[in-house]
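> My structure file structure.cif, mmCIF, C-alpha atoms and all ligand atoms, is below:
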data_work
loop_
_atom_site.label_atom_id
_atom_site.label_comp_id
_atom_site.auth_asym_id
_atom_site.auth_seq_id
_atom_site.Cartn_x
_atom_site.Cartn_y
_atom_site.Cartn_z
CA MET A 1 -29.13 337.37 10.92
CA ALA A 2 -26.85 337.64 13.85
CA SER A 3 -27.33 336.02 17.20
CA GLU A 4 -27.18 338.87 19.73
CA ARG A 5 -27.23 339.30 23.47
CA THR A 6 -29.23 342.00 25.20
CA LEU A 7 -29.59 343.24 28.77
CA ILE A 8 -33.08 342.96 30.22
CA LEU A 9 -34.04 344.28 33.66
CA PHE A 10 -37.27 343.53 35.46
CA LYS A 11 -37.52 346.89 37.20
CA PRO A 12 -38.58 347.35 40.85
CA ASP A 13 -42.26 347.77 39.88
CA ALA A 14 -42.24 344.39 38.10
CA VAL A 15 -40.63 342.66 41.11
CA GLN A 16 -43.00 344.32 43.60
CA ARG A 17 -46.03 343.50 41.45
CA ARG A 18 -44.87 339.84 41.32
CA LEU A 19 -44.75 339.83 37.54
CA CYS A 20 -41.30 338.22 37.18
CA GLY A 21 -42.65 334.75 36.39
CA GLU A 22 -45.07 336.12 33.80
CA LEU A 23 -42.35 338.24 32.16
CA LEU A 24 -39.75 335.47 32.16
CA GLY A 25 -42.39 333.18 30.61
CA ARG A 26 -42.91 335.62 27.74
CA ILE A 27 -39.18 335.67 26.98
CA GLU A 28 -38.90 331.87 27.14
CA ASN A 29 -42.07 331.36 25.09
CA LYS A 30 -40.70 333.66 22.40
CA GLY A 31 -37.82 331.22 21.92
CA LEU A 32 -35.06 333.43 23.29
CA LYS A 33 -32.39 331.89 25.48
CA ILE A 34 -31.59 333.03 29.02
CA VAL A 35 -27.80 333.07 29.43
CA GLY A 36 -27.59 335.09 32.67
CA LEU A 37 -30.01 335.77 35.51
CA LYS A 38 -29.76 337.38 38.94
CA MET A 39 -31.52 339.61 41.45
CA LEU A 40 -29.73 342.69 42.70
CA GLN A 41 -30.25 346.05 44.31
CA VAL A 42 -29.31 348.91 41.96
CA THR A 43 -27.28 351.59 43.75
CA ALA A 44 -27.20 355.29 42.83
CA GLU A 45 -23.73 354.74 41.37
CA LEU A 46 -24.89 351.81 39.22
CA SER A 47 -27.93 353.79 38.05
CA LYS A 48 -25.69 356.66 36.90
CA LYS A 49 -23.53 354.20 34.94
CA HIS A 50 -26.46 352.43 33.34
CA TYR A 51 -28.43 355.60 32.56
CA ALA A 52 -25.40 357.78 31.71
CA GLU A 53 -27.23 359.21 28.67
CA HIS A 54 -30.06 360.44 30.93
CA VAL A 55 -28.11 361.76 33.95
CA SER A 56 -28.36 365.40 32.85
CA LYS A 57 -32.07 365.22 31.96
CA PRO A 58 -34.74 366.78 34.20
CA PHE A 59 -36.40 363.42 34.89
CA TYR A 60 -33.17 361.69 35.97
CA PRO A 61 -33.63 362.19 39.77
CA LEU A 62 -37.05 360.52 39.55
CA LEU A 63 -35.64 357.70 37.44
CA GLU A 64 -32.83 357.09 39.94
CA SER A 65 -35.24 357.02 42.91
CA PHE A 66 -37.43 354.56 41.01
CA ILE A 67 -34.72 352.15 39.83
CA THR A 68 -33.08 352.07 43.30
CA ALA A 69 -36.38 351.71 45.20
CA GLY A 70 -36.28 347.90 45.36
CA PRO A 71 -34.55 344.90 43.86
CA VAL A 72 -34.41 344.29 40.12
CA VAL A 73 -33.90 341.07 38.17
CA ALA A 74 -31.20 341.29 35.51
CA LEU A 75 -31.17 338.93 32.56
CA ALA A 76 -28.85 338.36 29.66
CA VAL A 77 -31.02 337.20 26.77
CA GLU A 78 -29.64 335.66 23.57
CA GLY A 79 -31.15 334.95 20.19
CA PRO A 80 -31.42 336.09 16.57
CA GLU A 81 -31.66 339.90 16.60
CA ALA A 82 -32.39 339.66 20.33
CA VAL A 83 -31.93 343.42 20.88
CA SER A 84 -34.69 344.55 18.52
CA VAL A 85 -36.88 341.50 19.18
CA MET A 86 -36.94 342.37 22.88
CA ARG A 87 -37.54 346.09 22.23
CA THR A 88 -40.54 345.15 20.08
CA MET A 89 -41.83 342.89 22.86
CA LEU A 90 -41.50 345.78 25.36
CA GLY A 91 -43.32 348.38 23.28
CA PRO A 92 -42.75 352.14 23.54
CA THR A 93 -41.58 353.77 26.78
CA ASN A 94 -44.98 355.06 27.87
CA GLY A 95 -47.34 352.25 28.86
CA ARG A 96 -50.32 354.42 27.97
CA GLN A 97 -49.16 354.49 24.35
CA ALA A 98 -47.94 350.89 24.17
CA ALA A 99 -50.11 348.54 22.14
CA PRO A 100 -51.87 345.58 23.72
CA GLY A 101 -49.72 342.51 23.22
CA THR A 102 -46.56 344.31 24.27
CA ILE A 103 -45.30 344.01 27.85
CA ARG A 104 -45.67 347.72 28.58
CA GLY A 105 -49.03 347.75 26.81
CA ASP A 106 -50.39 344.75 28.69
CA PHE A 107 -49.16 345.48 32.21
CA GLY A 108 -48.70 349.22 32.65
CA VAL A 109 -50.14 352.73 32.39
CA SER A 110 -46.98 354.65 33.31
CA ARG A 111 -44.14 356.32 31.43
CA GLN A 112 -41.73 355.82 34.32
CA MET A 113 -42.96 352.56 35.85
CA ASN A 114 -42.78 350.61 32.62
CA LEU A 115 -41.70 347.32 34.15
CA VAL A 116 -38.86 346.18 31.92
CA HIS A 117 -35.65 347.67 30.53
CA GLY A 118 -34.18 346.42 27.26
CA SER A 119 -30.98 347.63 25.58
CA ASP A 120 -31.72 349.79 22.55
CA SER A 121 -28.76 348.79 20.31
CA VAL A 122 -26.12 346.10 20.05
CA GLU A 123 -23.48 348.58 21.26
CA ALA A 124 -25.61 349.60 24.27
CA ALA A 125 -26.27 345.92 25.02
CA GLN A 126 -22.56 345.13 25.16
CA LYS A 127 -21.93 348.08 27.47
CA GLU A 128 -24.91 347.32 29.72
CA LEU A 129 -24.19 343.58 29.95
CA ALA A 130 -20.67 344.43 31.12
CA ILE A 131 -22.14 346.74 33.79
CA TYR A 132 -24.49 344.10 35.21
CA PHE A 133 -22.68 340.79 34.61
CA LYS A 134 -19.16 339.49 35.10
CA PRO A 135 -18.02 337.40 32.11
CA ASP A 136 -18.26 334.14 34.09
CA GLU A 137 -21.89 334.90 35.01
CA LEU A 138 -22.90 334.51 31.34
CA ILE A 139 -23.37 330.84 30.55
CA GLU A 140 -22.70 329.12 27.22
CA TYR A 141 -24.93 326.11 26.58
CA GLN A 142 -26.81 324.43 23.77
CA PRO A 143 -30.56 324.29 24.40
CA THR A 144 -31.83 320.90 23.29
CA LEU A 145 -34.91 322.48 21.71
CA GLY A 146 -32.84 325.07 19.82
CA GLN A 147 -33.16 323.28 16.47
CA TRP A 148 -36.96 323.63 16.69
CA VAL A 149 -36.89 327.34 17.49
CA CYS A 150 -34.89 328.72 14.58
CA ALA A 151 -33.50 327.29 11.33
CA ALA A 152 -29.74 326.86 11.09
CA ASP A 153 -29.43 329.39 8.25
CA GLU A 154 -31.03 332.08 10.40
CA LEU A 155 -28.13 332.10 12.82
CA SER A 156 -24.59 333.15 12.03
P1 LIG B 1 -36.68 353.24 27.22
O1 LIG B 1 -36.60 352.48 28.54
O2 LIG B 1 -37.97 352.95 26.50
O3 LIG B 1 -35.44 353.07 26.37
P2 LIG B 1 -35.69 355.92 27.83
O4 LIG B 1 -36.15 357.15 27.13
O5 LIG B 1 -34.32 355.42 27.54
O6 LIG B 1 -36.80 354.79 27.61
O7 LIG B 1 -35.80 356.24 29.39
C1 LIG B 1 -35.25 355.35 30.37
C2 LIG B 1 -36.27 355.14 31.46
O8 LIG B 1 -36.47 356.37 32.17
C3 LIG B 1 -37.67 354.77 30.96
O9 LIG B 1 -37.80 353.40 30.70
C4 LIG B 1 -38.55 355.22 32.09
O10 LIG B 1 -38.54 354.30 33.19
C5 LIG B 1 -37.83 356.50 32.54
N1 LIG B 1 -38.35 357.71 31.88
C6 LIG B 1 -38.26 358.06 30.58
N2 LIG B 1 -38.79 359.26 30.34
C7 LIG B 1 -39.24 359.70 31.53
C8 LIG B 1 -39.89 360.91 31.93
O11 LIG B 1 -40.14 361.83 31.15
N3 LIG B 1 -40.21 360.99 33.25
C9 LIG B 1 -39.93 360.02 34.16
N4 LIG B 1 -39.30 358.86 33.80
C10 LIG B 1 -38.96 358.71 32.51
MG MG B 2 -33.48 353.80 26.60
#
Could you rewrite the structure in this file as structure tokens?
Ligand code: IDP
Ligand code: MG

Amino acid sequence: MASERTLILFKPDAVQRRLCGELLGRIENKGLKIVGLKMLQVTAELSKKHYAEHVSKPFYPLLESFITAGPVVALAVEGPEAVSVMRTMLGPTNGRQAAPGTIRGDFGVSRQMNLVHGSDSVEAAQKELAIYFKPDELIEYQPTLGQWVCAADELS
């Protein structure tokens, strides 16, 4: 089981709805480690880089207006299989179809305003982390509670 890093964004709807504390609490309570954290304003240029796979889709203009409409909080989150663990915590894209217990299922009813972005693969995570964070903004540290969160043989 590999320790991975994933890019998480609290999107403008999450910031405006003052859900950042609640959402950060879920990630910390899960046992994942925050290794980078900042607030920023996404520009149109940054949006096109991040959502390169969607730029030619009909919904892209709406997505760009949404993601640039207010500040976001970007996090680098680390842990065993962090990419898929976070995607499971988010639930499916559309909040109306997301199960209770997931972030999108508990806090939203929208397909677009679904509160949190999470990278969908290890490769995407590496690319997205490099878009949002400079290398020296990602912090290496040993959490003192780490040994009570995951057994040594579960991390490689
Ligand atoms: P994901 O965030 O669950 O990976 P993607 O399909 O990669 O979902 O889409 C990226 C983001 O674009 C979604 O999180 C959502 O905010 C927005 N989005 C996806 N599909 C639509 C759509 O059909 N209309 C408007 N916005 C959409
Ligand atoms: Mg996606």
> List all protein, DNA and RNA residues that have an atom no more than 10 Å from any atom of ligand MG 2 (chain B), counting all atoms listed in the file, and report them as a ChimeraX atom specification.
/A:50-51,53-54,87,92-93,117-121,124
> Select, from A:Ser110, A:Gln147, A:Ser84, A:Gln41, the residue with the minimum atom-to-atom distance to A:Phe10, counting all atoms listed in the file.
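Checking each candidate against A:Phe10, we get A:Gln41 as the closest.
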> Considering all atoms listed in the file, state which residue in the set A:Leu40, A:Ala130, A:Ile139, A:Met86 is at the smallest distance from ligand LIG 1 (chain B).
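For ligand LIG 1 (chain B), the nearest of the given residues is A:Met86.
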> Got a sec to check which residues lie within 12 Å of ligand LIG 1 (chain B), using all atoms listed in the file, and send them as a ChimeraX atom specification?
/A:7-14,47-48,50-55,57-68,83-84,86-95,97-98,103-104,108-121,124-125
> Select, from A:Ala44, A:Val35, A:Ala99, A:Ile131, the residue with the minimum atom-to-atom distance to A:Pro143, counting all atoms listed in the file.
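Checking each candidate against A:Pro143, we get A:Val35 as the closest.
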> Could you check how far atom CA of A:Glu154 sits from atom CA of A:Glu81, in Å to one decimal?
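Those two atoms sit 10.0 Å apart.
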> Since the input lacks atoms, please generate N, CA and C atoms for stretch 41-63 of chain A and provide them as a PDB file, keeping the file's coordinate frame.

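Contents of result-v6.pdb, as written:
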ATOM      1  N   GLN A  41     -29.781 344.724  43.941  1.00  0.00           N
ATOM      2  CA  GLN A  41     -30.250 346.050  44.310  1.00  0.00           C
ATOM      3  C   GLN A  41     -29.419 347.066  43.529  1.00  0.00           C
ATOM      4  N   VAL A  42     -30.042 347.879  42.713  1.00  0.00           N
ATOM      5  CA  VAL A  42     -29.310 348.910  41.960  1.00  0.00           C
ATOM      6  C   VAL A  42     -28.969 350.050  42.929  1.00  0.00           C
ATOM      7  N   THR A  43     -27.706 350.455  42.930  1.00  0.00           N
ATOM      8  CA  THR A  43     -27.280 351.590  43.750  1.00  0.00           C
ATOM      9  C   THR A  43     -27.347 352.862  42.898  1.00  0.00           C
ATOM     10  N   ALA A  44     -27.204 354.019  43.567  1.00  0.00           N
ATOM     11  CA  ALA A  44     -27.200 355.290  42.830  1.00  0.00           C
ATOM     12  C   ALA A  44     -26.042 355.306  41.830  1.00  0.00           C
ATOM     13  N   GLU A  45     -24.916 354.764  42.243  1.00  0.00           N
ATOM     14  CA  GLU A  45     -23.730 354.740  41.370  1.00  0.00           C
ATOM     15  C   GLU A  45     -23.989 353.875  40.120  1.00  0.00           C
ATOM     16  N   LEU A  46     -24.575 352.706  40.341  1.00  0.00           N
ATOM     17  CA  LEU A  46     -24.890 351.810  39.220  1.00  0.00           C
ATOM     18  C   LEU A  46     -25.913 352.461  38.281  1.00  0.00           C
ATOM     19  N   SER A  47     -26.912 353.114  38.859  1.00  0.00           N
ATOM     20  CA  SER A  47     -27.930 353.790  38.050  1.00  0.00           C
ATOM     21  C   SER A  47     -27.281 354.842  37.144  1.00  0.00           C
ATOM     22  N   LYS A  48     -26.340 355.601  37.701  1.00  0.00           N
ATOM     23  CA  LYS A  48     -25.690 356.660  36.900  1.00  0.00           C
ATOM     24  C   LYS A  48     -24.867 356.055  35.767  1.00  0.00           C
ATOM     25  N   LYS A  49     -24.288 354.877  36.004  1.00  0.00           N
ATOM     26  CA  LYS A  49     -23.530 354.200  34.940  1.00  0.00           C
ATOM     27  C   LYS A  49     -24.472 353.705  33.846  1.00  0.00           C
ATOM     28  N   HIS A  50     -25.518 353.018  34.296  1.00  0.00           N
ATOM     29  CA  HIS A  50     -26.460 352.430  33.340  1.00  0.00           C
ATOM     30  C   HIS A  50     -27.169 353.522  32.526  1.00  0.00           C
ATOM     31  N   TYR A  51     -27.652 354.555  33.233  1.00  0.00           N
ATOM     32  CA  TYR A  51     -28.430 355.600  32.560  1.00  0.00           C
ATOM     33  C   TYR A  51     -27.594 356.843  32.281  1.00  0.00           C
ATOM     34  N   ALA A  52     -26.310 356.641  31.941  1.00  0.00           N
ATOM     35  CA  ALA A  52     -25.400 357.780  31.710  1.00  0.00           C
ATOM     36  C   ALA A  52     -25.990 358.791  30.728  1.00  0.00           C
ATOM     37  N   GLU A  53     -26.681 358.285  29.683  1.00  0.00           N
ATOM     38  CA  GLU A  53     -27.230 359.210  28.670  1.00  0.00           C
ATOM     39  C   GLU A  53     -28.351 360.090  29.225  1.00  0.00           C
ATOM     40  N   HIS A  54     -28.935 359.695  30.370  1.00  0.00           N
ATOM     41  CA  HIS A  54     -30.060 360.440  30.930  1.00  0.00           C
ATOM     42  C   HIS A  54     -29.705 361.283  32.150  1.00  0.00           C
ATOM     43  N   VAL A  55     -28.466 361.151  32.655  1.00  0.00           N
ATOM     44  CA  VAL A  55     -28.110 361.760  33.950  1.00  0.00           C
ATOM     45  C   VAL A  55     -28.374 363.268  33.982  1.00  0.00           C
ATOM     46  N   SER A  56     -28.180 363.936  32.850  1.00  0.00           N
ATOM     47  CA  SER A  56     -28.360 365.400  32.850  1.00  0.00           C
ATOM     48  C   SER A  56     -29.795 365.824  32.528  1.00  0.00           C
ATOM     49  N   LYS A  57     -30.693 364.859  32.339  1.00  0.00           N
ATOM     50  CA  LYS A  57     -32.070 365.220  31.960  1.00  0.00           C
ATOM     51  C   LYS A  57     -32.908 365.549  33.209  1.00  0.00           C
ATOM     52  N   PRO A  58     -33.928 366.377  33.036  1.00  0.00           N
ATOM     53  CA  PRO A  58     -34.740 366.780  34.200  1.00  0.00           C
ATOM     54  C   PRO A  58     -35.367 365.594  34.934  1.00  0.00           C
ATOM     55  N   PHE A  59     -35.721 364.529  34.218  1.00  0.00           N
ATOM     56  CA  PHE A  59     -36.400 363.420  34.890  1.00  0.00           C
ATOM     57  C   PHE A  59     -35.443 362.456  35.572  1.00  0.00           C
ATOM     58  N   TYR A  60     -34.100 362.692  35.440  1.00  0.00           N
ATOM     59  CA  TYR A  60     -33.170 361.690  35.970  1.00  0.00           C
ATOM     60  C   TYR A  60     -33.336 361.430  37.482  1.00  0.00           C
ATOM     61  N   PRO A  61     -33.481 362.470  38.330  1.00  0.00           N
ATOM     62  CA  PRO A  61     -33.630 362.190  39.770  1.00  0.00           C
ATOM     63  C   PRO A  61     -34.798 361.237  40.067  1.00  0.00           C
ATOM     64  N   LEU A  62     -35.899 361.418  39.356  1.00  0.00           N
ATOM     65  CA  LEU A  62     -37.050 360.520  39.550  1.00  0.00           C
ATOM     66  C   LEU A  62     -36.723 359.106  39.089  1.00  0.00           C
ATOM     67  N   LEU A  63     -36.013 359.012  37.963  1.00  0.00           N
ATOM     68  CA  LEU A  63     -35.640 357.700  37.440  1.00  0.00           C
ATOM     69  C   LEU A  63     -34.713 356.982  38.424  1.00  0.00           C
TER      70      LEU A  63
END
